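Undergrad: Questions regarding the structure given below will be posed in turn.
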Amino acid sequence: MIEFKLLPRSVTLEASIPLKSEAPEAVVAEYESRYSGKLVVWKDIRLGVCGCVHNNRSVVANIDAAAFVTVYEMKPAKSSGWVGMGLRTKNGEELVTLFDSRYSQLSINWLQRTQPKVAEFLQLDTSFVDLGYDT
């Protein structure tokens, strides 16, 4: 059974899902019929996979390998910086980037508010990685 969790998404949100489409057909079909245009995370425990979908963008990861929902922050220095949220293994390997964006206070605030909701839904722990400055 596929479960979905609707995430709040403000009009000014800058974080986005990478431009690709990986979700299984059953996820896409249910998303289009019930959540079209919305931002959701989903999981299918039976298949051991999870991910997020927004419009025609989606990513997928092996939920059984995931241990953390991680927020990343690279502060701007010579460039614009970067923030994101991904799933990591207990050994710290990144499985998938769920959202990423140029650094902004708006984006980091949204990621920090959204992280516990995603972690609770996927039944994972949270972590934070400070990547320093983009020098």
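By order of appearance in the structure tokens: chains A, B, ..., then residues from 1 within every chain, and ligands from 1 in the order shown.
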Using 8 Å as the limit and counting only C-alpha atoms, can you tabulate each residue of range 53-99 of chain A that touches range 107-112 of chain A, with its shortest atom-to-atom distance in Å and the two atoms involved, as a tab-separated table?
TA:
residue	atom	partner	partner_atom	distance
A:Val71	CA	A:Leu111	CA	6.9
A:Glu73	CA	A:Ile108	CA	7.6
A:Val83	CA	A:Ile108	CA	6.5
A:Gly84	CA	A:Leu111	CA	7.3
A:Met85	CA	A:Leu111	CA	6.9
Undergrad: Need to verify the contact set: Asp64 in chain A, 6 Å, only C-alpha atoms, exclusion of same-chain residues closer than 2 positions in sequence. Can you return it as an MDAnalysis selection string?
TA: chainID A and resid 48 62 66
Undergrad: Determine the nearest neighbour of Leu6 in chain A from the options A:Cys52, A:Leu98, A:Leu39, A:Ile63, counting only C-alpha atoms.
TA: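 For Leu6 in chain A, the nearest of the candidates is A:Leu39.
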Undergrad: Using only C-alpha atoms, pick whichever of A:Asn91, A:Ser21, A:Gln123, A:Ser79 has the shortest atom-to-atom distance to Arg57 in chain A.
TA: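 Residue with the minimum atom-to-atom distance to Arg57 in chain A: A:Ser21.
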Undergrad: Of the candidates A:Thr135, A:Ser33, A:Asn56, A:Thr114, which shows the shortest atom-to-atom distance to Phe99 in chain A, using only C-alpha atoms?
TA: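 Comparing A:Thr135, A:Ser33, A:Asn56, A:Thr114 against Phe99 in chain A, the winner is A:Thr114.
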Undergrad: What does the distance between CA of Ile45 in chain A and CA of Ser127 in chain A come to in Å, to one decimal place?
TA: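 Between CA of Ile45 in chain A and CA of Ser127 in chain A the gap is 22.3 Å.
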Undergrad: Please run DSSP on the backbone and report, as a ChimeraX atom specification, all residues within range 46-130 of chain A that come out as strand (DSSP E or B).
TA: /A:49-54,57-62,68-75,82-88,94-101,125-130
Undergrad: Keeping only N, CA and C atoms, write the selected residues to a file as a short mmCIF file (atom, residue, chain, number, x, y, z; two decimals), in the first residue's frame.
TA:
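Ended up saving to part39.cif:
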data_model
loop_
_atom_site.label_atom_id
_atom_site.label_comp_id
_atom_site.auth_asym_id
_atom_site.auth_seq_id
_atom_site.Cartn_x
_atom_site.Cartn_y
_atom_site.Cartn_z
N VAL A 49 10.35 1.22 -0.72
CA VAL A 49 10.79 2.44 -1.39
C VAL A 49 10.00 3.65 -0.88
N CYS A 50 10.59 4.82 -1.08
CA CYS A 50 9.94 6.07 -0.70
C CYS A 50 10.47 7.17 -1.62
N GLY A 51 9.88 8.34 -1.49
CA GLY A 51 10.36 9.46 -2.29
C GLY A 51 9.48 10.66 -2.13
N CYS A 52 9.63 11.59 -3.05
CA CYS A 52 8.76 12.77 -3.05
C CYS A 52 8.39 13.09 -4.49
N VAL A 53 7.26 13.77 -4.62
CA VAL A 53 6.72 14.12 -5.94
C VAL A 53 6.18 15.54 -5.88
N HIS A 54 6.45 16.28 -6.93
CA HIS A 54 5.79 17.56 -7.14
C HIS A 54 5.70 17.75 -8.65
N ARG A 57 8.11 16.08 -11.34
CA ARG A 57 9.42 15.81 -10.73
C ARG A 57 9.23 14.81 -9.59
N SER A 58 10.08 13.80 -9.55
CA SER A 58 10.00 12.83 -8.46
C SER A 58 11.34 12.13 -8.29
N VAL A 59 11.61 11.76 -7.04
CA VAL A 59 12.80 10.97 -6.73
C VAL A 59 12.38 9.79 -5.88
N VAL A 60 13.21 8.74 -5.91
CA VAL A 60 12.91 7.49 -5.21
C VAL A 60 14.16 7.01 -4.50
N ALA A 61 13.97 6.39 -3.33
CA ALA A 61 15.08 5.79 -2.58
C ALA A 61 14.61 4.51 -1.91
N ASN A 62 15.57 3.69 -1.55
CA ASN A 62 15.32 2.47 -0.80
C ASN A 62 15.13 2.86 0.66
N PHE A 68 18.45 8.47 8.08
CA PHE A 68 18.29 9.88 8.45
C PHE A 68 17.66 10.70 7.33
N VAL A 69 16.86 11.67 7.74
CA VAL A 69 16.45 12.76 6.86
C VAL A 69 17.40 13.90 7.23
N THR A 70 18.26 14.27 6.29
CA THR A 70 19.34 15.21 6.57
C THR A 70 19.12 16.53 5.86
N VAL A 71 19.30 17.62 6.59
CA VAL A 71 19.32 18.96 6.00
C VAL A 71 20.79 19.35 5.83
N TYR A 72 21.12 19.85 4.65
CA TYR A 72 22.46 20.30 4.31
C TYR A 72 22.46 21.81 4.14
N GLU A 73 23.56 22.44 4.53
CA GLU A 73 23.68 23.88 4.36
C GLU A 73 25.11 24.22 3.94
N MET A 74 25.24 24.87 2.79
CA MET A 74 26.52 25.43 2.35
C MET A 74 26.30 26.93 2.21
N LYS A 75 26.94 27.67 3.08
CA LYS A 75 26.73 29.12 3.11
C LYS A 75 27.41 29.81 1.94
N TRP A 82 24.19 26.82 -1.06
CA TRP A 82 23.30 25.73 -1.39
C TRP A 82 22.68 25.19 -0.11
N VAL A 83 21.42 24.79 -0.17
CA VAL A 83 20.76 24.08 0.92
C VAL A 83 19.99 22.92 0.31
N GLY A 84 19.75 21.91 1.12
CA GLY A 84 19.00 20.77 0.61
C GLY A 84 18.58 19.83 1.72
N MET A 85 17.75 18.88 1.33
CA MET A 85 17.32 17.82 2.23
C MET A 85 17.45 16.50 1.48
N GLY A 86 18.00 15.51 2.16
CA GLY A 86 18.15 14.21 1.53
C GLY A 86 17.99 13.09 2.52
N LEU A 87 18.05 11.88 2.01
CA LEU A 87 18.03 10.69 2.85
C LEU A 87 19.43 10.11 2.88
N ARG A 88 19.88 9.75 4.08
CA ARG A 88 21.23 9.19 4.25
C ARG A 88 21.16 7.85 4.98
N GLU A 94 24.76 9.39 1.09
CA GLU A 94 23.51 9.98 0.62
C GLU A 94 22.83 9.03 -0.35
N LEU A 95 21.56 8.75 -0.09
CA LEU A 95 20.76 7.90 -0.97
C LEU A 95 20.08 8.72 -2.06
N VAL A 96 19.53 9.87 -1.67
CA VAL A 96 18.81 10.70 -2.62
C VAL A 96 18.68 12.11 -2.06
N THR A 97 18.71 13.09 -2.95
CA THR A 97 18.38 14.47 -2.57
C THR A 97 16.90 14.67 -2.84
N LEU A 98 16.16 15.01 -1.79
CA LEU A 98 14.72 15.24 -1.94
C LEU A 98 14.45 16.64 -2.46
N PHE A 99 15.12 17.64 -1.88
CA PHE A 99 14.94 19.03 -2.26
C PHE A 99 16.30 19.71 -2.26
N ASP A 100 16.49 20.67 -3.15
CA ASP A 100 17.70 21.49 -3.09
C ASP A 100 17.40 22.87 -3.66
N SER A 101 18.21 23.82 -3.28
CA SER A 101 17.97 25.19 -3.68
C SER A 101 19.22 26.03 -3.44
N ASP A 125 15.37 9.11 11.67
CA ASP A 125 15.94 10.15 12.52
C ASP A 125 16.29 11.36 11.65
N THR A 126 16.62 12.47 12.31
CA THR A 126 17.03 13.67 11.59
C THR A 126 18.51 13.94 11.85
N SER A 127 19.14 14.64 10.90
CA SER A 127 20.52 15.10 11.09
C SER A 127 20.72 16.37 10.29
N PHE A 128 21.80 17.07 10.60
CA PHE A 128 22.15 18.30 9.95
C PHE A 128 23.61 18.24 9.56
N VAL A 129 23.94 18.67 8.33
CA VAL A 129 25.32 18.71 7.87
C VAL A 129 25.65 20.13 7.44
N ASP A 130 26.60 20.74 8.14
CA ASP A 130 27.09 22.07 7.78
C ASP A 130 28.26 21.88 6.85
#
Undergrad: What is the distance between CA of Val118 in chain A and CA of Gly132 in chain A, in Å to one decimal?
TA: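 Those two atoms sit 24.4 Å apart.
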Undergrad: Would you mind telling me which residue in A:Leu106, A:Met1, A:Ala29, A:Ala67 lies nearest to Asp44 in chain A when using only C-alpha atoms?
TA: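 Of A:Leu106, A:Met1, A:Ala29, A:Ala67, the one nearest Asp44 in chain A is A:Met1, counting only C-alpha atoms.
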Undergrad: Figure out the distance between CA of Lys5 in chain A and CA of Val27 in chain A, please, to one decimal in Å.
TA: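 Computing it gives 12.3 Å between the two atoms.
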Undergrad: From a backbone DSSP assignment, name each residue in range 31-90 of chain A labelled helix (DSSP H, G or I), as a list of chain:residue names.
TA: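 Taking range 31-90 of chain A and keeping helix (DSSP H, G or I) only, one gets A:Tyr31, A:Glu32, A:Ser33, A:Arg34.
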